[in-house]
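Below is entry_23.cif, which holds mmCIF, C-alpha atoms and all ligand atoms.
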data_structure
loop_
_atom_site.label_atom_id
_atom_site.label_comp_id
_atom_site.auth_asym_id
_atom_site.auth_seq_id
_atom_site.Cartn_x
_atom_site.Cartn_y
_atom_site.Cartn_z
CA MET H 15 -25.82 116.62 -178.40
CA ASP H 16 -26.78 113.31 -179.98
CA MET H 17 -29.30 113.57 -182.78
CA ASN H 18 -30.68 110.09 -182.27
CA THR H 19 -33.61 110.54 -184.62
CA ILE H 20 -31.37 110.91 -187.68
CA GLU H 21 -31.72 108.03 -190.10
CA ALA H 22 -29.44 109.29 -192.89
CA VAL H 23 -26.85 111.92 -193.66
CA VAL H 24 -27.00 112.75 -197.36
CA PRO H 25 -24.17 114.68 -199.01
CA THR H 26 -25.93 117.02 -201.42
CA THR H 27 -26.46 120.62 -202.48
CA ASP H 28 -29.55 119.85 -204.55
CA PRO H 29 -32.81 121.29 -203.16
CA ALA H 30 -34.68 118.66 -205.21
CA GLU H 31 -33.49 116.08 -202.66
CA TRP H 32 -35.10 117.89 -199.73
CA ARG H 33 -38.20 116.38 -198.09
CA ALA H 34 -40.14 117.00 -194.86
CA GLY H 35 -38.00 116.08 -191.83
CA ASP H 36 -34.76 117.19 -193.51
CA ALA H 37 -32.39 119.94 -192.47
CA TRP H 38 -29.45 121.38 -194.36
CA LEU H 39 -26.29 120.70 -192.37
CA ALA H 40 -23.54 123.34 -192.60
CA GLY H 41 -21.17 123.75 -189.65
CA GLY H 42 -23.58 121.94 -187.34
CA THR H 43 -22.96 124.27 -184.39
CA VAL H 44 -26.68 124.92 -184.03
CA LEU H 45 -27.97 121.54 -185.14
CA PHE H 46 -25.66 119.58 -182.85
CA SER H 47 -26.22 121.86 -179.87
CA TYR H 48 -30.00 122.27 -180.15
CA GLY H 49 -30.73 118.69 -181.21
CA SER H 50 -33.38 116.88 -183.25
CA TYR H 51 -36.33 118.87 -181.95
CA ALA H 52 -34.81 122.31 -182.48
CA PHE H 53 -37.22 123.28 -185.20
CA GLY H 54 -40.57 122.05 -183.96
CA ALA H 55 -42.45 119.13 -182.47
CA GLU H 56 -41.52 116.81 -185.33
CA PRO H 57 -37.98 115.40 -185.08
CA LEU H 58 -35.43 115.78 -187.82
CA ARG H 59 -34.96 112.55 -189.82
CA ARG H 60 -32.21 113.39 -192.28
CA LEU H 61 -29.35 115.86 -192.57
CA LEU H 62 -28.50 117.13 -196.04
CA ASP H 63 -24.78 117.67 -195.65
CA LEU H 64 -23.34 120.73 -197.38
CA GLY H 65 -19.83 119.56 -196.48
CA SER H 66 -19.51 118.13 -199.99
CA ALA H 67 -20.17 121.51 -201.64
CA ASP H 68 -17.05 122.64 -203.46
CA TRP H 69 -18.17 126.26 -203.59
CA PRO H 70 -15.22 128.67 -203.34
CA ALA H 71 -15.55 130.25 -199.89
CA ILE H 72 -14.85 133.82 -201.05
CA THR H 73 -14.77 135.29 -204.54
CA VAL H 74 -13.50 138.85 -205.02
CA THR H 75 -14.11 140.81 -208.23
CA GLU H 76 -14.35 144.47 -209.20
CA ASN H 77 -18.08 144.20 -208.46
CA GLY H 78 -17.61 143.21 -204.86
CA ILE H 79 -17.32 140.10 -202.71
CA GLU H 80 -19.31 136.90 -202.96
CA LEU H 81 -19.39 134.75 -199.85
CA ALA H 82 -20.46 131.15 -200.28
CA ALA H 83 -23.03 130.14 -197.69
CA THR H 84 -20.49 127.52 -196.59
CA CYS H 85 -17.73 130.10 -195.95
CA THR H 86 -16.69 129.69 -192.33
CA VAL H 87 -16.29 132.54 -189.87
CA ALA H 88 -12.57 131.67 -189.67
CA GLU H 89 -12.19 131.95 -193.47
CA LEU H 90 -13.98 135.27 -193.47
CA TYR H 91 -11.83 136.58 -190.61
CA ALA H 92 -8.70 135.85 -192.67
CA LEU H 93 -9.94 137.82 -195.69
CA PRO H 94 -8.72 141.36 -194.82
CA ASP H 95 -5.09 140.11 -194.65
CA SER H 96 -5.33 137.85 -197.67
CA ALA H 97 -3.95 138.26 -201.18
CA GLN H 98 -7.54 138.26 -202.45
CA VAL H 99 -8.06 141.84 -201.28
CA ALA H 100 -4.45 143.03 -201.38
CA GLY H 101 -4.37 146.70 -202.38
CA ARG H 102 -8.09 147.20 -201.78
CA ALA H 103 -7.94 148.25 -198.13
CA GLY H 104 -7.95 151.96 -199.00
CA VAL H 105 -10.53 151.52 -201.74
CA TRP H 106 -12.96 149.37 -199.79
CA PRO H 107 -13.18 150.75 -196.23
CA GLY H 108 -16.10 148.35 -195.75
CA LEU H 109 -13.52 145.58 -195.28
CA ASP H 110 -12.93 147.12 -191.84
CA LEU H 111 -16.29 145.73 -190.73
CA ILE H 112 -15.35 142.10 -191.27
CA ARG H 113 -13.24 141.56 -188.18
CA PRO H 114 -15.40 143.43 -185.67
CA CYS H 115 -18.38 141.42 -186.91
CA CYS H 116 -16.48 138.13 -186.63
CA ASP H 117 -15.27 139.20 -183.18
CA SER H 118 -18.89 139.82 -182.21
CA PHE H 119 -19.33 136.09 -182.66
CA VAL H 120 -18.05 135.46 -179.19
CA ALA H 121 -17.41 131.76 -179.40
CA SER H 122 -14.62 129.22 -179.16
CA PHE H 123 -12.17 128.42 -181.96
CA LYS H 124 -14.15 125.23 -182.59
CA VAL H 125 -17.30 127.21 -183.35
CA TRP H 126 -15.38 129.81 -185.40
CA ASN H 127 -13.80 127.09 -187.55
CA MET H 128 -17.00 125.18 -188.16
CA SER H 129 -19.85 127.66 -188.25
CA THR H 130 -20.71 129.21 -191.57
CA VAL H 131 -21.93 132.54 -192.83
CA GLY H 132 -24.99 130.82 -194.32
CA GLY H 133 -25.73 128.88 -191.13
CA ASN H 134 -25.64 132.13 -189.19
CA LEU H 135 -28.06 133.86 -191.56
CA CYS H 136 -30.41 130.87 -191.68
CA THR H 137 -30.45 130.50 -187.89
CA SER H 138 -31.65 134.11 -187.96
CA LEU H 139 -30.91 135.03 -184.36
CA PRO H 140 -31.08 138.77 -183.63
CA ALA H 141 -27.45 138.57 -182.47
CA GLY H 142 -26.29 136.92 -185.69
CA PRO H 143 -23.07 138.83 -186.46
CA MET H 144 -22.96 137.63 -190.07
CA ILE H 145 -26.46 139.06 -190.45
CA SER H 146 -25.14 142.39 -189.14
CA LEU H 147 -22.22 142.37 -191.57
CA CYS H 148 -24.20 141.30 -194.64
CA ALA H 149 -27.15 143.60 -193.92
CA GLY H 150 -24.81 146.49 -193.09
CA LEU H 151 -23.10 146.12 -196.48
CA ASP H 152 -26.36 145.81 -198.45
CA GLY H 153 -25.78 142.09 -199.05
CA THR H 154 -28.00 140.15 -201.41
CA ALA H 155 -28.74 136.50 -200.73
CA GLY H 156 -28.74 134.03 -203.62
CA ILE H 157 -31.26 131.26 -202.90
CA LEU H 158 -31.74 127.93 -204.71
CA GLY H 159 -35.11 126.16 -204.75
CA PRO H 160 -36.40 122.78 -205.84
CA GLY H 161 -36.79 122.30 -209.59
CA GLY H 162 -33.72 124.37 -210.45
CA SER H 163 -35.34 127.66 -209.45
CA SER H 164 -33.36 130.50 -207.93
CA ARG H 165 -34.08 133.94 -206.52
CA GLU H 166 -32.33 136.84 -204.85
CA LEU H 167 -33.31 138.70 -201.72
CA PRO H 168 -31.71 141.53 -199.76
CA VAL H 169 -30.35 140.17 -196.48
CA THR H 170 -32.47 142.76 -194.67
CA ASP H 171 -35.54 140.99 -196.10
CA LEU H 172 -34.21 137.46 -195.66
CA VAL H 173 -34.22 137.66 -191.86
CA THR H 174 -37.78 138.41 -190.78
CA GLY H 175 -37.72 137.88 -187.01
CA ASP H 176 -36.14 136.09 -184.05
CA GLY H 177 -35.30 132.68 -185.53
CA GLN H 178 -37.43 133.43 -188.58
CA ASN H 179 -36.57 134.00 -192.20
CA ALA H 180 -38.06 134.13 -195.66
CA LEU H 181 -36.73 130.75 -196.82
CA ALA H 182 -39.42 128.33 -197.94
CA PRO H 183 -39.05 124.70 -196.78
CA GLY H 184 -36.20 123.10 -198.70
CA GLU H 185 -34.76 126.32 -200.07
CA LEU H 186 -30.98 126.52 -199.88
CA LEU H 187 -28.99 129.67 -199.28
CA ARG H 188 -26.19 129.50 -201.83
CA SER H 189 -24.28 132.78 -201.40
CA ILE H 190 -24.28 136.38 -200.27
CA ARG H 191 -23.11 139.14 -202.59
CA LEU H 192 -21.63 142.28 -201.01
CA PRO H 193 -21.61 145.03 -203.65
CA ALA H 194 -18.54 147.18 -204.30
CA ALA H 195 -20.72 150.29 -203.93
CA ALA H 196 -21.28 149.49 -200.24
CA LEU H 197 -17.67 148.41 -199.68
CA THR H 198 -16.37 151.76 -200.94
CA ALA H 199 -18.28 153.75 -198.31
CA ARG H 200 -16.76 155.01 -195.04
CA VAL H 201 -18.03 152.84 -192.24
CA ALA H 202 -18.54 152.99 -188.49
CA PHE H 203 -19.32 150.16 -186.11
CA ARG H 204 -20.65 150.00 -182.56
CA ARG H 205 -21.57 146.98 -180.44
CA LEU H 206 -22.68 146.58 -176.86
CA SER H 207 -23.20 143.55 -174.72
CA LEU H 208 -24.49 143.33 -171.15
CA SER H 209 -21.44 141.33 -170.11
CA ASN H 210 -17.78 141.56 -171.06
CA LEU H 211 -17.42 139.66 -174.35
CA GLY H 212 -21.03 138.52 -174.13
CA ARG H 213 -23.54 138.03 -176.91
CA SER H 214 -24.39 141.24 -178.78
CA GLY H 215 -27.32 143.16 -177.31
CA VAL H 216 -27.02 146.05 -179.76
CA LEU H 217 -24.98 146.17 -182.98
CA LEU H 218 -25.11 149.14 -185.33
CA ILE H 219 -23.27 149.77 -188.58
CA GLY H 220 -23.13 153.13 -190.36
CA ARG H 221 -22.11 153.77 -193.95
CA HIS H 222 -21.35 157.15 -195.44
CA GLU H 223 -21.37 157.08 -199.25
CA ALA H 224 -19.25 159.36 -201.40
CA GLY H 225 -22.49 160.98 -202.58
CA GLY H 226 -23.25 162.05 -199.01
CA GLN H 227 -25.93 159.46 -198.16
CA LEU H 228 -25.86 157.83 -194.75
CA THR H 229 -27.18 154.31 -194.16
CA LEU H 230 -27.65 153.02 -190.63
CA THR H 231 -28.26 149.32 -190.01
CA VAL H 232 -29.59 148.29 -186.62
CA THR H 233 -29.19 144.65 -185.58
CA ALA H 234 -29.11 142.63 -182.34
CA ALA H 235 -31.21 145.29 -180.59
CA THR H 236 -34.12 144.43 -182.85
CA LYS H 237 -35.76 141.13 -183.73
CA ARG H 238 -34.75 141.61 -187.36
CA PRO H 239 -32.37 143.98 -189.17
CA VAL H 240 -33.69 147.51 -189.62
CA GLN H 241 -32.14 149.89 -192.11
CA LEU H 242 -32.48 153.68 -192.19
CA ARG H 243 -31.39 155.61 -195.26
CA PHE H 244 -30.75 159.35 -195.21
CA ALA H 245 -29.92 161.43 -198.28
CA HIS H 246 -27.25 163.23 -196.20
CA VAL H 247 -25.77 162.94 -192.71
CA PRO H 248 -28.75 163.89 -190.53
CA ASP H 249 -28.56 166.12 -187.48
CA ALA H 250 -29.19 164.54 -184.08
CA THR H 251 -32.91 165.39 -184.08
CA GLU H 252 -33.47 164.04 -187.57
CA LEU H 253 -31.66 160.83 -186.65
CA SER H 254 -33.71 160.40 -183.50
CA HIS H 255 -36.98 160.94 -185.40
CA GLY H 256 -35.81 158.46 -188.02
CA LEU H 257 -35.27 155.83 -185.34
CA ASP H 258 -38.67 156.62 -183.78
CA GLU H 259 -40.36 155.98 -187.12
CA ALA H 260 -38.37 152.93 -188.18
CA ILE H 261 -38.43 150.95 -184.94
CA PRO H 262 -41.64 150.55 -182.93
CA ASP H 263 -41.09 149.56 -179.29
CA THR H 264 -42.40 146.06 -179.99
CA LEU H 265 -39.56 145.43 -182.47
CA TYR H 266 -36.86 145.68 -179.79
CA HIS H 267 -35.72 142.20 -178.82
CA ASP H 268 -36.29 140.85 -175.32
CA ASP H 269 -34.18 138.03 -173.93
CA ILE H 270 -31.56 137.30 -171.30
CA HIS H 271 -29.04 139.37 -173.27
CA GLY H 272 -30.92 142.63 -172.71
CA LEU H 273 -34.26 144.23 -171.92
CA PRO H 274 -36.00 146.00 -174.80
CA GLU H 275 -35.83 149.32 -172.96
CA TRP H 276 -32.03 149.03 -172.60
CA ARG H 277 -31.63 147.97 -176.22
CA ARG H 278 -33.71 150.95 -177.31
CA ASP H 279 -31.72 153.45 -175.24
CA MET H 280 -28.42 152.02 -176.47
CA THR H 281 -29.61 152.04 -180.08
CA TYR H 282 -30.17 155.81 -179.87
CA ARG H 283 -26.84 156.31 -178.12
CA LEU H 284 -24.80 154.25 -180.57
CA ALA H 285 -26.60 155.72 -183.56
CA GLU H 286 -25.65 159.20 -182.37
CA GLU H 287 -22.02 158.09 -181.89
CA ILE H 288 -21.98 156.73 -185.45
CA ARG H 289 -23.56 159.91 -186.77
CA GLY H 290 -20.86 161.96 -185.03
CA GLU H 291 -18.08 159.73 -186.35
CA LEU H 292 -19.27 159.83 -189.95
CA ALA H 293 -20.11 163.55 -189.86
CA ALA H 294 -16.53 164.33 -188.79
CA PRO H 295 -13.77 164.64 -191.38
CA GLU H 296 -12.22 161.34 -192.40
CA GLY H 297 -9.42 160.30 -190.05
CA ALA H 298 -10.67 162.41 -187.11
CA ARG H 299 -10.69 160.62 -183.80
CA PRO H 300 -14.29 159.72 -182.92
CA GLY H 301 -15.77 161.63 -180.01
CA ALA H 302 -17.06 158.54 -178.24
CA VAL H 303 -16.78 154.81 -178.77
CA SER H 304 -19.07 152.81 -176.52
CA GLY H 305 -18.66 149.07 -176.57
CA ASP H 306 -15.88 147.00 -178.02
CA PHE H 307 -14.13 145.91 -181.22
CA TRP H 308 -13.95 149.39 -182.82
CA PRO H 309 -10.91 150.92 -181.20
CA PRO H 310 -10.31 154.65 -181.60
CA GLU H 311 -6.66 153.74 -182.46
CA ARG H 312 -7.98 152.64 -185.82
CA HIS H 313 -8.14 156.34 -186.63
CA ALA H 314 -5.09 158.48 -187.17
CA PRO H 315 -4.09 160.19 -183.93
CA ARG H 316 -5.28 163.78 -183.86
CA THR H 317 -2.66 166.50 -183.78
CA PRO H 318 -3.01 168.33 -180.43
CA PRO H 319 -4.44 171.84 -180.79
CA ALA H 320 -1.87 174.63 -180.80
CA SER H 321 -3.16 175.93 -177.47
CA THR H 322 -2.29 172.70 -175.64
CA PRO H 323 0.12 173.68 -172.87
CA PRO H 324 3.49 171.93 -173.01
CA VAL H 325 3.91 169.04 -170.60
CA PRO H 326 6.24 170.24 -167.83
CA LYS H 327 9.50 168.31 -167.77
CA LYS H 328 10.60 166.75 -164.53
CA ASP H 329 13.95 167.87 -163.19
CA ALA H 330 16.55 165.18 -163.61
C1 LIG H 401 -20.67 128.61 -178.02
C2 LIG H 401 -21.60 129.12 -179.07
C3 LIG H 401 -21.72 130.50 -179.24
C4 LIG H 401 -22.57 131.03 -180.23
N1 LIG H 401 -22.68 132.39 -180.38
C5 LIG H 401 -23.52 132.88 -181.29
C6 LIG H 401 -23.68 134.29 -181.47
O1 LIG H 401 -23.05 135.10 -180.79
N2 LIG H 401 -24.55 134.72 -182.40
C7 LIG H 401 -25.25 133.84 -183.19
O2 LIG H 401 -26.01 134.27 -184.06
N3 LIG H 401 -25.14 132.52 -183.05
C8 LIG H 401 -24.31 132.01 -182.12
N4 LIG H 401 -24.22 130.66 -181.98
C9 LIG H 401 -25.08 129.79 -182.80
C10 LIG H 401 -24.42 129.25 -184.07
O3 LIG H 401 -23.11 128.82 -183.82
C11 LIG H 401 -24.34 130.25 -185.23
O4 LIG H 401 -25.60 130.81 -185.53
C12 LIG H 401 -23.70 129.63 -186.47
O5 LIG H 401 -23.33 130.66 -187.36
C13 LIG H 401 -24.54 128.62 -187.20
O6 LIG H 401 -23.84 128.18 -188.36
P1 LIG H 401 -23.63 126.64 -188.72
O7 LIG H 401 -22.92 126.61 -190.01
O8 LIG H 401 -22.96 125.90 -187.61
O9 LIG H 401 -25.14 126.17 -188.88
P2 LIG H 401 -25.81 124.74 -188.74
O10 LIG H 401 -25.86 124.31 -187.29
O11 LIG H 401 -25.22 123.77 -189.69
O12 LIG H 401 -27.28 125.10 -189.25
C14 LIG H 401 -28.08 126.02 -188.54
C15 LIG H 401 -29.45 126.15 -189.24
O13 LIG H 401 -29.30 126.77 -190.53
C16 LIG H 401 -29.74 125.88 -191.57
N5 LIG H 401 -28.80 126.08 -192.67
C17 LIG H 401 -27.44 126.06 -192.60
N6 LIG H 401 -26.91 126.39 -193.78
C18 LIG H 401 -27.94 126.60 -194.63
C19 LIG H 401 -28.04 126.99 -196.00
N7 LIG H 401 -26.94 127.21 -196.75
N8 LIG H 401 -29.27 127.12 -196.57
C20 LIG H 401 -30.39 126.90 -195.82
N9 LIG H 401 -30.36 126.55 -194.52
C21 LIG H 401 -29.16 126.40 -193.93
C22 LIG H 401 -29.70 124.48 -190.95
O14 LIG H 401 -30.57 123.59 -191.60
C23 LIG H 401 -30.12 124.79 -189.53
O15 LIG H 401 -31.51 124.98 -189.48
C24 LIG H 401 -23.34 130.13 -181.03
C25 LIG H 401 -23.21 128.75 -180.86
C26 LIG H 401 -22.36 128.24 -179.89
C27 LIG H 401 -22.27 126.74 -179.75
#

Would it be possible to restate this file's structure as structure tokens?
Amino acid sequence: MDMNTIEAVVPTTDPAEWRAGDAWLAGGTVLFSYGSYAFGAEPLRRLLDLGSADWPAITVTENGIELAATCTVAELYALPDSAQVAGRAGVWPGLDLIRPCCDSFVASFKVWNMSTVGGNLCTSLPAGPMISLCAGLDGTAGILGPGGSSRELPVTDLVTGDGQNALAPGELLRSIRLPAAALTARVAFRRLSLSNLGRSGVLLIGRHEAGGQLTLTVTAATKRPVQLRFAHVPDATELSHGLDEAIPDTLYHDDIHGLPEWRRDMTYRLAEEIRGELAAPEGARPGAVSGDFWPPERHAPRTPPASTPPVPKKDA
């Protein structure tokens, strides 16, 4: 879409340059598809282009992973196979979430190669798969403000509603830090869409810490991320009560990608599947996997029980 109200494109990463009528430009996949009036009655006048930022896309240390806001979905997708995390696959099971979350971004290669982690968080759609990933791994957003100020905010608090977030006008999302503590947990992922390879209607991530705690992050079904923390793996009733308390009916999202009632039902179903998967011994084949992108083959095949009758051989 033409943005014919734009008077200037300014290459900068300095929030001091921001003024009313400006928008940060990252991959542009939202800005150039929604147009000049995407964010209100007043048209956008300038784009502050983050393309000149020379922030390293991904930094890996013992403390975890830092994603620059300008890291593209394609760069993130490449991470699990990259030298940056070589040898960490067994230590950081949380890496297994990266590809299913990128895959949940059902879009063309053009969008994958241009759109950024930061742009996804700042667009703040319920179906934002980078929101799911970063919230599910207890990500912390680093935010720069005018006058050289900076602050940090959990990603679960950054996104506050459908298309809404906690950024003040002019604030710039600089990076997202995924802590090693979350990456070392066992994880489970479930996603459902109303159509084959459609936009996420429900996306849940579970994390089972070595200390026994279970964290469940609900996204896409709800207008904003919702996190439930249990001191141990709950039983089915406890989990269901936890969901009742954490998510009022009005928080379930309602759009063409799913009715709130369906999203609610599927949230309970997928949460129970995740509970079952993480309650089972590591490596056990999950009882049920609804949805896509989390194939049971990921788990070691289960040895058939001794009582399994032998398969009769056909006569030659
Ligand atoms: C075919 C198609 C399919 C899509 N599917 C999905 C989907 O499944 N789920 C989904 O969530 N979205 C989807 N989108 C929307 C969009 O592509 C994504 O949300 C994308 O991640 C936006 O990133 P971007 O870098 O292109 O953002 P941009 O278009 O550059 O910016 C988007 C918004 O974020 C602001 N912004 C960007 N970076 C920063 C920053 N660092 N600090 C502060 N503000 C910033 C911009 O000012 C603007 O308001 C889709 C789009 C298309 C065209």

Go through the chains and note each residue within 6 Å of ligand LIG 401 (chain H), using all atoms listed in the file, then give the set as a PyMOL selection string. chain H and resi 37-45+83+119-121+129-134+136-137+139+141-143+186-188+213

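Minimum distance to Ala194 (chain H) across H:Val105, H:Ala180, H:Ala52, H:Leu135 (counting only C-alpha atoms) occurs at H:Val105.
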
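Residues with any atom within 9 Å of Glu286 (chain H), counting all atoms listed in the file and excluding same-chain neighbours fewer than 3 positions away, are Ala250, Leu253, Ser254, Thr281, Tyr282, Arg283, Arg289, Gly290 and Glu291 of chain H.
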
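If you measure from each of H:Thr154, H:Thr236, H:Gln98, H:Ser138 to Arg278 (chain H) using all atoms listed in the file, the closest one turns out to be H:Thr236.
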
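A distance cut-off of 9 Å around (-23.8, 148.5, -182.4), counting all atoms listed in the file, selects these protein and nucleic acid residues: Phe203, Arg204, Arg205, Leu206, Ser214, Gly215, Val216, Leu217, Leu218, Ile219, Thr231, Val232, Thr233, Ala234, Ala235, Met280, Thr281, Leu284, Ala285, Ile288, Ser304 and Gly305 of chain H.
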
When you draw a straight line from CA of Trp308 (chain H) to CA of Leu292 (chain H), how long is it in Å? 13.7 Å

Leaving out Gly78 (chain H) and any residue of its chain fewer than 5 positions from it, which residues lie within 10 Å of it when counting all atoms listed in the file, given as a PyMOL selection string? chain H and resi 73+106+191-198

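Minimum atom-to-atom distance to Leu109 (chain H), evaluated using all atoms listed in the file, belongs to H:Ala92 out of H:Ile145, H:Ala67, H:Ala92, H:Leu257.
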
Straight-line distance linking CA of Cys115 (chain H) with CA of Leu147 (chain H), stated in Å to one decimal: 6.1 Å

Counting all atoms listed in the file, give me one row per residue of region 28-47 of chain H with an atom at most 12 Å from an atom of region 161-169 of chain H, showing the shortest contact pair and its distance in Å to one decimal, sorted by chain then residue number, as a Markdown table.
| residue | atom | partner | partner_atom | distance |
| --- | --- | --- | --- | --- |
| H:Asp28 | CA | H:Gly162 | CA | 8.5 |
| H:Pro29 | CA | H:Gly161 | CA | 7.6 |
| H:Ala30 | CA | H:Gly161 | CA | 6.1 |
| H:Glu31 | CA | H:Gly161 | CA | 9.9 |
| H:Trp32 | CA | H:Gly161 | CA | 10.9 |

Residues near Asp36 (chain H), cut-off 6 Å, all atoms listed in the file, skip fewer than 5 positions along chain, as an MDAnalysis selection string: chainID H and resid 58:61

I'd like the neighbourhood of Ile112 (chain H) as an mmCIF file with C-alpha atoms, in the coordinates of the input, where a residue qualifies if any of its atoms comes within 9 Å (using all atoms listed in the file), though same-chain residues fewer than 6 positions away should be ignored.
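Saved to around25.cif:
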data_model
loop_
_atom_site.group_PDB
_atom_site.id
_atom_site.type_symbol
_atom_site.label_atom_id
_atom_site.label_comp_id
_atom_site.auth_asym_id
_atom_site.auth_seq_id
_atom_site.Cartn_x
_atom_site.Cartn_y
_atom_site.Cartn_z
ATOM 1 C CA LEU H 90 -13.980 135.270 -193.470
ATOM 2 C CA TYR H 91 -11.830 136.580 -190.610
ATOM 3 C CA LEU H 93 -9.940 137.820 -195.690
ATOM 4 C CA PRO H 94 -8.720 141.360 -194.820
ATOM 5 C CA MET H 144 -22.960 137.630 -190.070
ATOM 6 C CA LEU H 147 -22.220 142.370 -191.570
#

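CA of Gly153 (chain H) to CA of Val303 (chain H) spans 25.6 Å [interatomic distance, one decimal].
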
So that I can see what lies close to Arg200 (chain H), please list as a PyMOL selection string the residues with an atom at most 7 Å from it, counting only C-alpha atoms and leaving out residues fewer than 3 positions away in the same chain. chain H and resi 107-108+221-223
